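Chemist: Shown below is the structure under consideration.
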2 protein chains.
Amino acid sequence: MGKYDVKQEVTDKYSLRGRVFHKLRDDILSGKYEDHEELKEVAIGEELGVSRTPVREAFRQLELEGLIQIIPNKGAYVTGITEKDVKDIYMIRSLLEGLCARWATEHITPEQLDEMEENVYLAEFHASKGHLDQLAALDNRFHDIMYEACDSKILEHQLKDFHQYVLRVRKKTLSNANRGPQSNMEHKGILEAIKAKDADLAERLAHQHMINAYENMVKNGLHEAYEREKNYGQN
Amino acid sequence: MGKYDVKQEVTDKYSLRGRVFHKLRDDILSGKYEDHEELKEVAIGEELGVSRTPVREAFRQLELEGLIQIIPNKGAYVTGITEKDVKDIYMIRSLLEGLCARWATEHITPEQLDEMEENVYLAEFHASKGHLDQLAALDNRFHDIMYEACDSKILEHQLKDFHQYVLRVRKKTLSNANRGPQSNMEHKGILEAIKAKDADLAERLAHQHMINAYENMVKNGLHEAYEREKNYGQN
DNA sequence: TCTCGAATAATTGTATACAATAATACCACA
DNA sequence: TGTGGTATTATTGTATACAATTATTCGAGA
């Protein structure tokens, strides 16, 4: 089903609408556009070499994703997320990550468990070497594995959706030299709980893991992270 | 911001795209279309007296809402939700309703509290009279008040979103003569906890309230509710 | 100089035309 | 009778034309 079908994202990369959608989403999330900046259909179309039609359809999707706001007969405006939104998302995520860890404990496959162990092991190595980029990538992957392991496409989509919104903030956070290794230690704890089939513990640890991530982010200055991000370009 | 802006739903009722979107969503949720039924752009357009353009844009939105699946160059297909999906949604909702009750306890306004009290009081009356339709409407409204009272547009949108998905199932459930009054009793408990500023209790009660709703639904036969719904038409 | 308002321009909303792709029908051939 | 392949049709994807709405310019009048 559309919203909860992750594969859809692959297929529609090959249509113009899909390309426009993904391009604009990436640009918005990477901070290329200012908050409240107006997106003009023709301008975007010319920039990407397409007509207004696919641009308009992409706009309608971006609106439902919450990335732009369309005011009828007026225009489409980029909508950032406020600090309160980020906080709310992290609180919601902390609950859902806990639920996800619980379900993953019950449904994880041996293959997924293997990949999780490898992930934590590899991250330990990169942490010791100070490879922050690899560490961030492995961090993302760890969560994706858990999302898949929970065996609920509803919950999986929900969590990936939230992840999108906090991505630009979180990236900065993980680039923080302290948080990366600490985060991996927490992953290790969650992994051990899952291996031990202790769903209660896994839930509690995953829940706390999210709260820690948020508090670390706040401690390091959420607002600054935003500002720095804006001058970051896309990558 | 689009996705989390409820007012948007009002404004776009006045555009053709908006009308098509709402019409199709209502029809899908009310069971007018079979599961996996194909929606043809021209057919829908002719039926509603509009061209393909607004229909296509509405399709793109319905896809993100998860109500249809669009396969590129092939077509748009109605996607129902499975029983497992419903269960997952209820489990997720039970957590989020709990969080919502907690935040509502902290942020509810006197006006919202008044409306909540009135709601419960009125529902008690209709329950005693056996007015199931009014009871169902009041039940929906109780939750909406709480969503608004939690003062988080992220969580509010999230919960309203989920609510959409289980609407057709839940309607049948509440029409059940037993659940309606019982549900209202639970609302009363939540209300009292909020009034007493006991966030922990409110969270626990709201959480349990959702679990009870789900278990009642299962007990009364989720599958049958689905089937009956199909021959229900729109209302 | 300021304000109001009409003319003009810019932009979005919708319809239609054309292109590309997928589904179907139909016929030749074994 | 069954099968493979091609022609036809149907359907979606994209571009463009036109309509409706909103924004802007600019001049008249106070």
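For the structure tokens, the naming scheme is as follows: chains receive sequential letters (A, B, ...) according to their order of presentation, residues are indexed from 1 within each chain, and ligands are indexed from 1 in presentation order.
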Name all residues at most 10 Å from DC18 in chain D (count only C-alpha atoms (C1' of nucleotides); drop same-chain ones fewer than 6 positions away) and give them as a VMD selection string.

Modeler: chain C and resid 14 to 16

Chemist: Give me, as number ranges by chain, all polymer residues having an atom no more than 8 Å from Asn73 in chain A, counting only C-alpha atoms (C1' of nucleotides) and skipping those fewer than 3 positions away in the same chain.

Modeler: C: 11-13; D: 21-22

Chemist: Residues of the last selection are to be written out with N, CA and C atoms (P, O5', C5', C4', C3', O3' and C1' of nucleotides), as an mmCIF file, in the first residue's frame.

Modeler:
```
data_model
loop_
_atom_site.group_PDB
_atom_site.id
_atom_site.type_symbol
_atom_site.label_atom_id
_atom_site.label_comp_id
_atom_site.auth_asym_id
_atom_site.auth_seq_id
_atom_site.Cartn_x
_atom_site.Cartn_y
_atom_site.Cartn_z
ATOM 1 P P DT C 11 6.342 34.883 -11.666
ATOM 2 O "O5'" DT C 11 5.140 33.940 -11.227
ATOM 3 C "C5'" DT C 11 4.365 34.298 -10.074
ATOM 4 C "C4'" DT C 11 3.152 33.405 -9.993
ATOM 5 C "C3'" DT C 11 3.423 31.931 -10.341
ATOM 6 O "O3'" DT C 11 3.237 31.133 -9.185
ATOM 7 C "C1'" DT C 11 1.411 32.723 -11.333
ATOM 8 P P DT C 12 3.407 29.522 -9.254
ATOM 9 O "O5'" DT C 12 1.880 29.065 -9.165
ATOM 10 C "C5'" DT C 12 1.073 29.522 -8.092
ATOM 11 C "C4'" DT C 12 -0.394 29.290 -8.386
ATOM 12 C "C3'" DT C 12 -0.793 27.818 -8.519
ATOM 13 O "O3'" DT C 12 -2.033 27.619 -7.846
ATOM 14 C "C1'" DT C 12 -1.462 28.992 -10.436
ATOM 15 P P DG C 13 -2.697 26.161 -7.810
ATOM 16 O "O5'" DG C 13 -3.809 26.259 -8.952
ATOM 17 C "C5'" DG C 13 -5.052 26.881 -8.642
ATOM 18 C "C4'" DG C 13 -6.101 26.524 -9.675
ATOM 19 C "C3'" DG C 13 -6.331 25.021 -9.862
ATOM 20 O "O3'" DG C 13 -7.730 24.785 -10.001
ATOM 21 C "C1'" DG C 13 -5.683 25.989 -11.926
ATOM 22 P P DT D 21 -11.744 32.807 -10.438
ATOM 23 O "O5'" DT D 21 -10.473 33.224 -9.574
ATOM 24 C "C5'" DT D 21 -9.555 32.213 -9.176
ATOM 25 C "C4'" DT D 21 -8.207 32.831 -8.880
ATOM 26 C "C3'" DT D 21 -8.252 34.081 -7.990
ATOM 27 O "O3'" DT D 21 -7.668 33.754 -6.749
ATOM 28 C "C1'" DT D 21 -6.702 34.303 -9.777
ATOM 29 P P DT D 22 -7.639 34.845 -5.568
ATOM 30 O "O5'" DT D 22 -6.170 35.459 -5.690
ATOM 31 C "C5'" DT D 22 -5.053 34.579 -5.686
ATOM 32 C "C4'" DT D 22 -3.790 35.336 -6.075
ATOM 33 C "C3'" DT D 22 -3.499 36.590 -5.237
ATOM 34 O "O3'" DT D 22 -2.178 36.511 -4.759
ATOM 35 C "C1'" DT D 22 -3.319 37.073 -7.539
#
```

Chemist: Name the residues of range 5-226 of chain A that fall into strand (DSSP E) according to DSSP on the backbone, using the chain letters and numbers of this document, as a list in words.

Modeler: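 Written out, the strand (DSSP E) residues of range 5-226 of chain A are Glu38, Leu39, Ile68, Gln69, Ile70, Ile71, Gly75, Ala76, Tyr77 and Val78 of chain A.
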
Chemist: Looking at only C-alpha atoms (C1' of nucleotides), which of C:DC29, C:DA10, C:DA22, C:DC4 is the one that sits closest to chain B?

Modeler: C:DA22

Chemist: What's around DT3 in chain D at 10 Å? Count only C-alpha atoms (C1' of nucleotides), leave out sequence neighbours fewer than 2 positions away in its own chain, and write the answer as a ChimeraX atom specification.

Modeler: /C:29-30 /D:1,5

Chemist: Do you have, as a Markdown table, the list of residues of chain B lying at most 10 Å from chain D, each with its nearest atom pair and that distance in Å to one decimal, counting only C-alpha atoms (C1' of nucleotides) and ordered by chain then number?

Modeler:
```
| residue | atom | partner | partner_atom | distance |
| --- | --- | --- | --- | --- |
| B:Lys40 | CA | D:DT11 | C1' | 8.0 |
| B:Glu41 | CA | D:DT12 | C1' | 8.5 |
| B:Val42 | CA | D:DT11 | C1' | 9.0 |
| B:Arg56 | CA | D:DT12 | C1' | 9.9 |
| B:Ile71 | CA | D:DT12 | C1' | 9.9 |
| B:Pro72 | CA | D:DT12 | C1' | 7.8 |
| B:Asn73 | CA | D:DT12 | C1' | 5.1 |
| B:Lys74 | CA | D:DT12 | C1' | 6.6 |
| B:Gly75 | CA | D:DT12 | C1' | 7.1 |
| B:Ala76 | CA | D:DT12 | C1' | 9.9 |
```

Chemist: Kindly provide the residues of chain B that approach chain C to within 9 Å, each paired with its closest atom pair and their distance in Å to one decimal, based on only C-alpha atoms (C1' of nucleotides), listed by chain and increasing number, as CSV.

Modeler:
```
residue,atom,partner,partner_atom,distance
B:Ser15,CA,C:DG13,C1',8.1
B:Leu16,CA,C:DT14,C1',8.5
B:Val50,CA,C:DT14,C1',8.4
B:Ser51,CA,C:DA15,C1',6.1
B:Arg52,CA,C:DA15,C1',8.2
B:Thr53,CA,C:DT14,C1',7.0
B:Pro54,CA,C:DT14,C1',7.5
B:Asn73,CA,C:DT21,C1',6.2
B:Lys74,CA,C:DA22,C1',6.7
```
